[in-house]
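Colleague: The file below is input-v4.csv, CSV, C-alpha atoms:
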```
chain,number,residue,atom,x,y,z
A,1,MET,CA,161.4,121.1,87.4
A,2,LYS,CA,159.6,117.9,86.7
A,3,THR,CA,157.4,118.5,89.7
A,4,LEU,CA,156.6,122.0,88.5
A,5,LYS,CA,155.5,120.7,85.1
A,6,ILE,CA,153.2,118.2,86.8
A,7,LEU,CA,151.6,120.9,89.0
A,8,VAL,CA,151.0,123.1,85.9
A,9,ALA,CA,149.4,120.2,84.1
A,10,VAL,CA,147.1,119.4,87.0
A,11,VAL,CA,146.1,123.1,87.3
A,12,LEU,CA,145.3,123.2,83.6
A,13,VAL,CA,143.2,120.0,83.9
A,14,ILE,CA,141.2,121.5,86.8
A,15,ALA,CA,140.7,124.7,85.0
A,16,VAL,CA,139.4,123.0,81.8
A,17,SER,CA,137.2,120.7,83.9
A,18,ALA,CA,135.7,123.7,85.8
A,19,PHE,CA,135.0,125.5,82.5
A,20,ALA,CA,133.3,122.4,81.1
A,21,ILE,CA,131.1,122.0,84.2
A,22,ASP,CA,130.2,125.7,84.0
A,23,LYS,CA,129.2,125.3,80.4
A,24,VAL,CA,127.1,122.3,81.2
A,25,ASN,CA,125.3,124.2,84.0
A,26,VAL,CA,124.6,127.1,81.7
A,27,SER,CA,123.3,124.8,79.0
A,28,ASP,CA,121.0,123.1,81.5
A,29,SER,CA,119.7,126.4,82.9
A,30,ASP,CA,118.8,127.5,79.4
A,31,ALA,CA,116.8,124.4,78.6
A,32,GLY,CA,113.3,125.9,78.5
A,33,TYR,CA,111.3,128.1,80.7
A,34,THR,CA,111.2,128.4,84.4
A,35,VAL,CA,108.5,129.9,86.6
A,36,GLY,CA,108.5,133.7,86.1
A,37,ASP,CA,109.8,133.6,82.5
A,38,SER,CA,107.9,135.3,79.7
A,39,ALA,CA,106.8,132.7,77.1
A,40,THR,CA,107.0,133.7,73.4
A,41,ASP,CA,104.0,133.2,71.2
A,42,PHE,CA,103.7,130.6,68.4
A,43,LYS,CA,101.7,130.0,65.3
A,44,LEU,CA,100.8,126.4,64.8
A,45,LYS,CA,98.3,124.4,62.7
A,46,ASN,CA,95.2,123.3,64.4
A,47,ILE,CA,93.2,120.1,63.6
A,48,ASP,CA,90.7,122.3,61.7
A,49,ASP,CA,93.6,123.4,59.4
A,50,THR,CA,93.6,127.0,60.7
A,51,MET,CA,96.7,128.6,62.2
A,52,VAL,CA,96.5,129.3,66.0
A,53,SER,CA,98.5,131.6,68.2
A,54,LEU,CA,98.1,132.9,71.7
A,55,ALA,CA,97.6,136.4,70.4
A,56,ASP,CA,94.3,135.2,68.8
A,57,TYR,CA,92.8,135.0,72.3
A,58,LYS,CA,92.2,138.7,72.9
A,59,ASP,CA,90.0,138.2,76.0
A,60,ALA,CA,92.1,135.5,77.7
A,61,LYS,CA,93.5,136.0,81.1
A,62,GLY,CA,96.0,133.2,80.5
A,63,PHE,CA,96.5,129.8,79.1
A,64,ILE,CA,96.8,126.1,80.1
A,65,VAL,CA,99.3,124.9,77.5
A,66,ILE,CA,99.6,121.1,77.5
A,67,PHE,CA,102.0,119.1,75.4
A,68,THR,CA,100.3,115.9,74.7
A,69,CYS,CA,99.8,113.3,72.0
A,70,ASN,CA,97.7,110.4,70.6
A,71,HIS,CA,99.7,107.3,71.5
A,72,CYS,CA,101.1,107.8,75.0
A,73,PRO,CA,99.1,105.9,77.7
A,74,TYR,CA,99.6,108.7,80.1
A,75,SER,CA,98.2,111.2,77.6
A,76,VAL,CA,95.2,108.9,76.9
A,77,ALA,CA,94.6,108.5,80.7
A,78,TYR,CA,94.4,112.3,81.0
A,79,GLU,CA,92.3,113.1,78.0
A,80,ASP,CA,89.0,113.4,79.9
A,81,ARG,CA,90.6,115.5,82.6
A,82,ILE,CA,92.1,117.8,79.9
A,83,ILE,CA,88.6,118.2,78.4
A,84,ALA,CA,87.2,118.9,81.9
A,85,LEU,CA,89.9,121.6,82.5
A,86,ASP,CA,89.0,123.3,79.3
A,87,GLN,CA,85.3,123.2,80.2
A,88,ALA,CA,85.9,124.5,83.7
A,89,PHE,CA,88.3,127.3,82.9
A,90,LYS,CA,87.8,128.5,79.2
A,91,SER,CA,84.8,130.6,80.1
A,92,LYS,CA,86.8,132.1,83.0
A,93,GLY,CA,89.7,133.2,80.7
A,94,TYR,CA,92.0,130.2,80.9
A,95,PRO,CA,91.5,128.0,77.8
A,96,VAL,CA,93.4,124.8,77.2
A,97,ILE,CA,95.9,124.9,74.3
A,98,ALA,CA,97.0,121.4,73.5
A,99,ILE,CA,100.2,120.8,71.4
A,100,ASN,CA,101.4,117.5,69.9
A,101,PRO,CA,105.3,117.8,70.1
A,102,ASN,CA,106.1,114.3,68.6
A,103,ASN,CA,107.8,113.6,65.3
A,104,PRO,CA,105.3,111.5,63.2
A,105,LYS,CA,108.2,109.9,61.5
A,106,ALA,CA,109.3,108.4,64.8
A,107,TYR,CA,105.7,107.6,65.8
A,108,PRO,CA,103.2,107.6,62.9
A,109,THR,CA,100.3,107.3,65.4
A,110,ASP,CA,100.9,111.0,66.2
A,111,SER,CA,100.6,112.2,62.6
A,112,PHE,CA,98.5,115.3,61.9
A,113,ASP,CA,95.8,113.2,60.2
A,114,ASN,CA,95.6,110.9,63.2
A,115,MET,CA,95.4,113.9,65.5
A,116,LYS,CA,92.2,114.9,63.7
A,117,VAL,CA,90.8,111.4,64.1
A,118,ARG,CA,91.6,111.3,67.8
A,119,ALA,CA,90.2,114.8,68.5
A,120,LYS,CA,86.9,113.8,66.8
A,121,GLU,CA,86.7,110.5,68.7
A,122,LYS,CA,87.2,112.2,72.0
A,123,GLY,CA,85.3,115.4,71.3
A,124,PHE,CA,88.1,117.7,72.1
A,125,THR,CA,86.8,121.2,73.0
A,126,PHE,CA,90.1,122.9,72.6
A,127,PRO,CA,92.7,123.5,69.9
A,128,TYR,CA,95.0,120.5,69.2
A,129,LEU,CA,98.1,121.9,67.5
A,130,PHE,CA,100.9,120.2,65.6
A,131,ASP,CA,104.4,121.3,66.5
A,132,ASP,CA,105.6,120.9,62.9
A,133,GLY,CA,109.4,120.7,62.9
A,134,GLN,CA,109.4,120.3,66.7
A,135,LYS,CA,110.3,124.0,67.2
A,136,ILE,CA,108.1,124.9,70.1
A,137,TYR,CA,108.4,122.2,72.7
A,138,PRO,CA,112.2,122.8,73.2
A,139,GLN,CA,111.5,126.5,73.8
A,140,TYR,CA,109.3,125.5,76.6
A,141,GLY,CA,111.5,122.8,77.9
A,142,ALA,CA,108.8,120.1,77.7
A,143,THR,CA,110.1,116.6,78.1
A,144,LYS,CA,107.0,114.5,78.6
A,145,THR,CA,103.5,113.9,77.3
A,146,PRO,CA,101.6,115.3,79.1
A,147,HIS,CA,103.6,118.3,80.3
A,148,VAL,CA,101.7,121.4,81.4
A,149,TYR,CA,102.7,125.1,81.4
A,150,ILE,CA,100.2,127.6,82.8
A,151,LEU,CA,100.7,131.1,81.5
A,152,GLU,CA,99.3,134.3,82.9
A,153,LYS,CA,98.7,137.2,80.5
A,154,THR,CA,100.2,140.4,81.8
A,155,ALA,CA,101.5,143.7,80.6
A,156,GLN,CA,105.0,142.1,80.5
A,157,GLY,CA,103.8,139.2,78.4
A,158,ASN,CA,102.6,135.6,79.0
A,159,ILE,CA,104.3,134.8,82.2
A,160,VAL,CA,104.9,131.2,83.2
A,161,ARG,CA,103.2,130.5,86.6
A,162,TYR,CA,103.2,126.7,86.8
A,163,ILE,CA,105.1,123.8,85.2
A,164,GLY,CA,104.5,120.1,85.6
A,165,ALA,CA,101.8,117.5,86.0
A,166,ILE,CA,98.0,117.8,85.9
A,167,ASP,CA,97.6,116.0,89.2
A,168,ASN,CA,99.2,113.3,91.3
A,169,ASN,CA,97.5,110.2,90.0
A,170,TYR,CA,97.5,109.5,86.3
A,171,LYS,CA,95.8,106.1,86.8
A,172,ASP,CA,92.7,107.3,88.5
A,173,ALA,CA,91.3,110.8,88.5
A,174,GLY,CA,89.1,110.0,91.5
A,175,SER,CA,92.1,109.1,93.6
A,176,ALA,CA,94.0,112.3,92.7
A,177,ASP,CA,94.2,114.4,95.9
A,178,LYS,CA,96.6,117.0,94.5
A,179,LYS,CA,95.1,118.8,91.6
A,180,TYR,CA,98.0,121.0,90.6
A,181,VAL,CA,96.6,122.7,87.5
A,182,GLU,CA,93.2,123.3,88.9
A,183,ASP,CA,94.6,124.8,92.1
A,184,ALA,CA,97.0,127.0,90.1
A,185,VAL,CA,94.4,128.4,87.9
A,186,ASN,CA,92.0,129.0,90.7
A,187,ALA,CA,94.7,130.9,92.6
A,188,LEU,CA,95.5,133.1,89.6
A,189,LEU,CA,91.8,133.9,89.1
A,190,LYS,CA,91.8,135.1,92.7
A,191,GLY,CA,94.9,137.1,92.2
A,192,GLU,CA,96.8,134.8,94.6
A,193,LYS,CA,100.2,133.1,94.4
A,194,VAL,CA,100.1,129.7,92.8
A,195,PRO,CA,100.4,127.2,95.8
A,196,VAL,CA,102.6,124.7,94.0
A,197,GLU,CA,104.6,126.2,91.1
A,198,THR,CA,106.5,123.1,89.8
A,199,THR,CA,106.0,119.4,89.9
A,200,LYS,CA,107.5,116.5,88.0
A,201,ALA,CA,105.7,115.8,84.7
A,202,ILE,CA,104.9,112.1,84.5
A,203,GLY,CA,104.4,110.6,81.1
A,204,CYS,CA,106.1,109.4,77.9
A,205,SER,CA,109.2,111.0,76.6
A,206,ILE,CA,108.8,113.3,73.6
A,207,LYS,CA,109.7,111.5,70.4
A,208,ALA,CA,112.2,113.4,68.3
```
Here is a file; write its structure as structure tokens.
Modeller:
Amino acid sequence: MKTLKILVAVVLVIAVSAFAIDKVNVSDSDAGYTVGDSATDFKLKNIDDTMVSLADYKDAKGFIVIFTCNHCPYSVAYEDRIIALDQAFKSKGYPVIAINPNNPKAYPTDSFDNMKVRAKEKGFTFPYLFDDGQKIYPQYGATKTPHVYILEKTAQGNIVRYIGAIDNNYKDAGSADKKYVEDAVNALLKGEKVPVETTKAIGCSIKA
């Protein structure tokens, strides 16, 4: 009888553990977008104090959405490349939409006022939006700055086609021999499949 009770207890522990693991896996899988998902629109304040959404871009073929910020050395290292991406692809239908996901209470350098200063210093050619209340970056599943999501505008919505890094060398643009974002957008413009759909975003963790 004692042995039976022990067996029942073991079975219960295994069942509970399996349920817990299953719940963790479900939670992980729901943490943001994956390639092929439809991304919902947003309405965020831009550095010119206007509200910007993807729906405003009637003629866009898609978007290069980049979560970035002022203070992160990785973001700073990529600023010129982000400007270059916007200049290369905005006229072709894929504008850059930059979003600062950080909480300014945790990192005052990333405040809205400082965003305006940084954008003016660097001559940003794209919207630089503030994720007030940090509601948008969790929907996307962004974890780093910078973290890129390329969206293709389709009849089914803004479909995620690429997630990850801009290229494979944050230290030196000239030494980057894998230009993931550039290659992805060029493929989409040709109606081709994106050659590399996901990479690991390298950068600073988002400050909650």
Colleague: As a list in words, please: the residues near Val194 of chain A (cut-off 9 Å, all atoms listed in the file, same-chain neighbours under 3 positions excluded).
Modeller: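 Selected residues are Arg161, Tyr162, Asp183, Ala184, Val185, Asn186, Ala187, Leu188 and Glu197 of chain A.
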Colleague: Please write as a list in words the list of polymer residues whose atoms come within 6 Å of (105.4, 110.5, 80.6), counting all atoms listed in the file and keeping to the coordinates of the file.
Modeller: Lys144, Thr145, Ile202, Gly203, Cys204 and Ser205 of chain A
Colleague: Given the point (106.1, 111.6, 68.8) in the coordinates of this file, which residues lie within 12 Å, counting all atoms listed in the file, and how would they look as a PyMOL selection string?
Modeller: chain A and resi 67-72+75+99-112+114-115+130-134+137+143-146+204-208
Colleague: Compile the contact shell of Gln139 of chain A as a PyMOL selection string: residues with an atom at most 12 Å away, counting all atoms listed in the file, same-chain residues fewer than 6 positions apart removed.
Modeller: chain A and resi 30-34+37-42+101+131+149
Colleague: How many Å lie between atom CA of Arg81 of chain A and atom CA of Lys171 of chain A, rounded to one decimal?
Modeller: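 Atom-to-atom, atom CA of Arg81 of chain A and atom CA of Lys171 of chain A are spaced 11.5 Å apart.
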Colleague: Neighbouring residues of segment 58-65 of chain A were defined as those with any atom within 9 Å, considering all atoms listed in the file; residues of the same chain fewer than 2 positions away were excluded. Please report them as a list in words.
Modeller: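 Here the qualifying residues turn out to be Leu54, Ala55, Asp56, Phe67, Leu85, Asp86, Lys90, Lys92, Gly93, Tyr94, Pro95, Val96, Ile97, Ala98, Ile99, His147, Val148, Tyr149, Ile150, Leu151, Glu152, Lys153, Thr154, Asn158, Ile159, Val181, Val185 and Leu189 of chain A.
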Colleague: Atom CA of Met51 of chain A and atom CA of Ile66 of chain A are how many Å apart?
Modeller: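 Spanning atom CA of Met51 of chain A to atom CA of Ile66 of chain A is a straight-line distance of 17.3 Å.
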Colleague: Please measure the separation of atom CA of Asp49 of chain A and atom CA of Val76 of chain A, giving the value in Å to one decimal.
Modeller: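 It comes out at 22.8 Å.
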Colleague: For a quick check of understanding, using only C-alpha atoms, which of A:Ala201, A:Ala77, A:Leu129, A:Ala88 has the smallest distance to Tyr170 of chain A?
Modeller: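 For Tyr170 of chain A, the nearest of the candidates is A:Ala77.
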Colleague: From the set A:Lys45, A:Lys122, A:Lys135, A:Lys116, which residue has the shortest atom-to-atom contact distance to Asp80 of chain A, counting all atoms listed in the file?
Modeller: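 With all atoms listed in the file as the atom set, the closest residue is A:Lys122.
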